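Shown next: model04.txt, containing compact mmCIF, C-alpha atoms.
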# COMPACT_ATOMS: atom_id res chain seq x y z
CA MET A 1 268.13 65.26 213.86
CA SER A 2 264.47 64.71 213.07
CA LEU A 3 263.19 63.01 209.94
CA HIS A 4 259.83 64.75 210.20
CA PRO A 5 260.63 67.66 207.80
CA ARG A 6 261.93 65.20 205.20
CA ARG A 7 258.81 63.04 205.53
CA SER A 8 256.62 66.14 205.17
CA ARG A 9 258.46 67.17 201.99
CA TRP A 10 257.94 63.73 200.44
CA ARG A 11 254.28 63.70 201.42
CA THR A 12 253.82 67.05 199.71
CA GLN A 13 255.71 65.83 196.65
CA TRP A 14 253.49 62.76 196.33
CA ALA A 15 250.41 64.90 196.71
CA THR A 16 251.73 67.06 193.87
CA VAL A 17 252.38 63.97 191.72
CA VAL A 18 248.83 62.75 192.31
CA TRP A 19 247.39 66.20 191.58
CA LEU A 20 249.40 66.59 188.37
CA THR A 21 248.35 63.09 187.27
CA VAL A 22 244.68 63.95 187.84
CA VAL A 23 245.08 67.18 185.86
CA TRP A 24 246.78 65.23 183.03
CA VAL A 25 243.93 62.71 182.84
CA LEU A 26 241.32 65.47 182.95
CA LEU A 27 243.06 67.40 180.18
CA TRP A 28 243.18 64.31 177.97
CA GLY A 29 239.61 63.39 178.89
CA ASP A 30 240.41 59.66 178.87
CA LEU A 31 240.67 57.55 182.00
CA SER A 32 242.85 54.68 180.87
CA VAL A 33 245.77 52.80 182.40
CA GLY A 34 248.17 54.17 179.79
CA ASN A 35 247.00 57.73 180.29
CA VAL A 36 247.30 57.48 184.09
CA LEU A 37 250.80 55.96 183.80
CA ALA A 38 251.89 58.62 181.32
CA GLY A 39 250.51 61.35 183.58
CA ALA A 40 252.22 59.88 186.65
CA GLY A 41 255.52 59.53 184.80
CA LEU A 42 255.36 63.09 183.58
CA ALA A 43 254.38 64.31 187.05
CA LEU A 44 257.36 62.49 188.59
CA LEU A 45 259.65 63.99 185.97
CA VAL A 46 258.32 67.49 186.67
CA THR A 47 258.45 67.24 190.46
CA THR A 48 261.94 65.72 190.59
CA GLY A 49 263.51 67.46 187.61
CA LEU A 50 262.26 71.00 188.09
CA ARG A 51 263.30 72.37 191.44
CA MET A 52 261.09 75.20 192.54
CA ALA A 53 261.63 77.58 195.40
CA PRO A 54 259.24 76.97 198.26
CA ILE A 55 256.50 79.54 198.70
CA GLN A 56 256.03 80.80 202.21
CA PHE A 57 252.39 80.74 203.31
CA GLN A 58 251.74 82.17 206.74
CA GLY A 59 248.10 82.90 206.13
CA ARG A 60 245.01 80.82 206.49
CA VAL A 61 242.15 79.89 204.21
CA ARG A 62 239.08 81.92 205.10
CA PRO A 63 235.98 80.18 203.67
CA ARG A 64 233.85 83.34 203.48
CA GLY A 65 236.64 85.30 201.78
CA LEU A 66 237.30 82.39 199.41
CA ALA A 67 233.60 82.22 198.48
CA VAL A 68 233.57 85.97 197.76
CA LEU A 69 236.78 85.65 195.71
CA VAL A 70 235.46 82.77 193.59
CA GLY A 71 231.98 84.26 193.18
CA ARG A 72 233.24 87.66 192.14
CA PHE A 73 235.82 86.09 189.81
CA VAL A 74 233.06 84.15 188.01
CA LEU A 75 230.97 87.33 187.70
CA ASP A 76 233.99 89.27 186.39
CA VAL A 77 234.71 86.59 183.77
CA VAL A 78 231.09 86.57 182.54
CA ARG A 79 230.82 90.37 182.48
CA ALA A 80 234.20 90.85 180.79
CA SER A 81 233.42 88.13 178.23
CA ALA A 82 230.26 89.99 177.24
CA GLU A 83 232.18 93.28 177.01
CA VAL A 84 234.96 91.80 174.87
CA SER A 85 232.36 90.12 172.63
CA ALA A 86 230.55 93.44 172.20
CA ILE A 87 233.82 95.16 171.28
CA ALA A 88 234.67 92.42 168.77
CA LEU A 89 231.24 92.59 167.14
CA ARG A 90 231.01 96.40 167.01
CA PRO A 91 231.75 97.54 163.45
CA ARG A 92 234.36 100.26 162.95
CA TYR A 93 235.06 100.54 166.68
CA THR A 94 238.69 100.74 167.69
CA PRO A 95 239.28 99.98 171.35
CA ARG A 96 241.71 102.23 173.18
CA GLY A 97 244.08 99.92 174.98
CA ALA A 98 246.63 100.94 177.54
CA VAL A 99 249.33 99.46 179.72
CA ILE A 100 248.81 100.50 183.32
CA GLY A 101 250.97 100.07 186.38
CA VAL A 102 249.40 99.06 189.69
CA GLN A 103 251.30 99.12 192.97
CA LEU A 104 250.03 96.22 195.08
CA ARG A 105 249.81 96.58 198.84
CA SER A 106 251.05 93.12 199.81
CA HIS A 107 254.71 92.11 199.60
CA SER A 108 254.05 88.38 199.30
CA ASP A 109 255.07 86.49 196.15
CA LEU A 110 252.08 84.20 196.61
CA TYR A 111 249.50 87.00 196.72
CA LEU A 112 251.20 88.83 193.86
CA THR A 113 251.01 85.67 191.75
CA LEU A 114 247.40 84.91 192.65
CA THR A 115 246.33 88.48 191.90
CA ALA A 116 248.22 88.52 188.60
CA GLU A 117 246.75 85.18 187.49
CA LEU A 118 243.20 86.12 188.38
CA CYS A 119 243.55 89.45 186.55
CA SER A 120 244.98 87.72 183.47
CA LEU A 121 242.17 85.15 183.40
CA VAL A 122 239.53 87.88 183.11
CA PRO A 123 239.04 88.67 179.40
CA GLY A 124 240.18 92.13 178.36
CA SER A 125 243.16 92.35 180.68
CA LEU A 126 246.55 90.70 180.61
CA VAL A 127 249.49 90.99 182.99
CA VAL A 128 252.46 92.06 180.92
CA GLU A 129 255.01 92.23 183.70
CA ALA A 130 255.21 91.69 187.44
CA HIS A 131 258.01 93.08 189.58
CA ARG A 132 258.22 90.85 192.58
CA LEU A 133 260.63 93.05 194.57
CA THR A 134 258.50 96.19 194.24
CA GLY A 135 255.08 94.50 194.07
CA MET A 136 254.25 96.34 190.85
CA LEU A 137 251.96 94.78 188.23
CA TYR A 138 251.79 96.07 184.67
CA LEU A 139 248.62 95.12 182.83
CA HIS A 140 247.39 95.65 179.30
CA VAL A 141 243.74 96.72 179.35
CA LEU A 142 241.91 96.10 176.08
CA ASP A 143 239.64 99.14 176.21
CA VAL A 144 240.31 101.77 178.86
CA HIS A 145 237.18 103.71 177.91
CA GLU A 146 234.87 100.70 178.47
CA SER A 147 236.73 99.93 181.71
CA GLY A 148 235.81 103.32 183.12
CA GLY A 149 239.25 104.87 182.71
CA ILE A 150 242.73 104.16 183.93
CA GLU A 151 241.98 104.79 187.61
CA ALA A 152 238.96 102.45 187.48
CA ALA A 153 241.15 99.73 185.95
CA ARG A 154 243.72 100.23 188.72
CA ARG A 155 240.98 100.12 191.35
CA THR A 156 239.70 96.83 189.86
CA VAL A 157 243.15 95.24 190.29
CA LEU A 158 243.48 96.51 193.87
CA GLU A 159 240.00 95.18 194.67
CA GLN A 160 241.05 91.80 193.26
CA GLU A 161 244.15 91.85 195.46
CA GLU A 162 242.01 92.70 198.49
CA ARG A 163 239.73 89.73 197.79
CA VAL A 164 242.80 87.47 197.51
CA LEU A 165 244.11 88.79 200.82
CA ARG A 166 240.73 88.40 202.53
CA ALA A 167 240.60 84.79 201.30
CA PHE A 168 244.13 83.71 202.26
CA ALA A 169 246.10 86.24 204.33
CA SER A 170 246.79 86.13 208.04
CA ASP A 171 245.61 88.95 210.29
CA GLU A 172 249.16 90.33 210.37
CA GLU A 173 249.41 90.29 206.55
CA LEU A 174 246.05 92.06 206.28
CA ARG A 175 247.21 94.78 208.69
CA ALA A 176 250.54 95.16 206.86
CA ALA A 177 248.69 95.61 203.56
CA GLY A 178 246.34 98.18 205.12
CA VAL A 179 243.28 95.94 204.79
CA THR A 180 241.02 95.87 207.81
CA ALA A 181 240.04 92.40 209.03
As structure tokens, please, write out the structure in this file.
Amino acid sequence: MSLHPRRSRWRTQWATVVWLTVVWVLLWGDLSVGNVLAGAGLALLVTTGLRMAPIQFQGRVRPRGLAVLVGRFVLDVVRASAEVSAIALRPRYTPRGAVIGVQLRSHSDLYLTLTAELCSLVPGSLVVEAHRLTGMLYLHVLDVHESGGIEAARRTVLEQEERVLRAFASDEELRAAGVTA
């Protein structure tokens, strides 16, 4: 019986504790001994007290795909922020919102989660529900008319999923999702 898997799990857990502590300090904006200790204590409590199912990652990080994903995400946030601001400042305009369903091509929980989070972080859209077994995302779109219609909003989500896959998926996962490498 090898101790290597156990050692790997603890190494990952400590990396998570360090990462959560760094996030805690950054959120508080104060690098002090007390703040670091409080962050580390909370991180230990979270990592030991909240058991989470492991996420299977068989892909690989593709630097070019990751750069495209991040760059396009930043552009989407800026563009959508301007559109939402224009809607908010337009007198007597009532946006026509809708809840749309989008069937994702990948069957991975990780890619479903990444796609849902990135879509929710763009102003004007919010994931209302995600069905992990079917790979279906339901999103509320603030103004379907400004988004170019329901099909354009669906296409935007599928394009986001494709960028996620091109940034992180293995060749086999890309083929299974119908995305050419």
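Nearest residue to Ile100 (chain A), choosing from A:Gly59, A:Pro54, A:Gly65, A:Gly149 and counting all atoms listed in the file: A:Gly149.
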Neighbour list for Arg154 (chain A) as a list in words, cut-off 12 Å, all atoms listed in the file, skip fewer than 5 positions in-chain: Ala98, Val99, Ile100, Gly101, Val102, Gln103, Leu104, Cys119, Ser125, Met136, Leu137, Tyr138, Leu139, His140, Val141, Val144, Ser147, Gly148, Gly149, Glu159, Gln160 and Glu161 of chain A
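Of the residues listed (A:Val128, A:His107, A:Ala80, A:Leu174), A:Ala80 shows the shortest atom-to-atom separation from Asp143 (chain A); distances use all atoms listed in the file.
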Draw an axis-aligned box tight on the listed atoms of region 91-96 of chain A, then pad every side by 3 Å and write out centre and edge lengths in Å to one decimal as JSON.
{"center_x": 236.7, "center_y": 99.9, "center_z": 168.1, "size_x": 16.0, "size_y": 10.7, "size_z": 16.2}
Between A:Ser108, A:Thr16, A:Thr134, A:Ser81, which is the closest to Leu42 (chain A) once you count only C-alpha atoms? A:Thr16
Record the distance separating CA of Gln13 (chain A) and CA of Ile55 (chain A), expressed in Å with one decimal. 13.9 Å
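The shortest atom-to-atom distance to Asp76 (chain A), with all atoms listed in the file taken into account, belongs to A:Val157 out of A:Leu37, A:Ala177, A:Leu114, A:Val157.
The smallest atom-to-atom distance between Gly97 (chain A) and any of A:Val70, A:Leu142, A:Val77, A:Asp109, using all atoms listed in the file, is found for A:Leu142.
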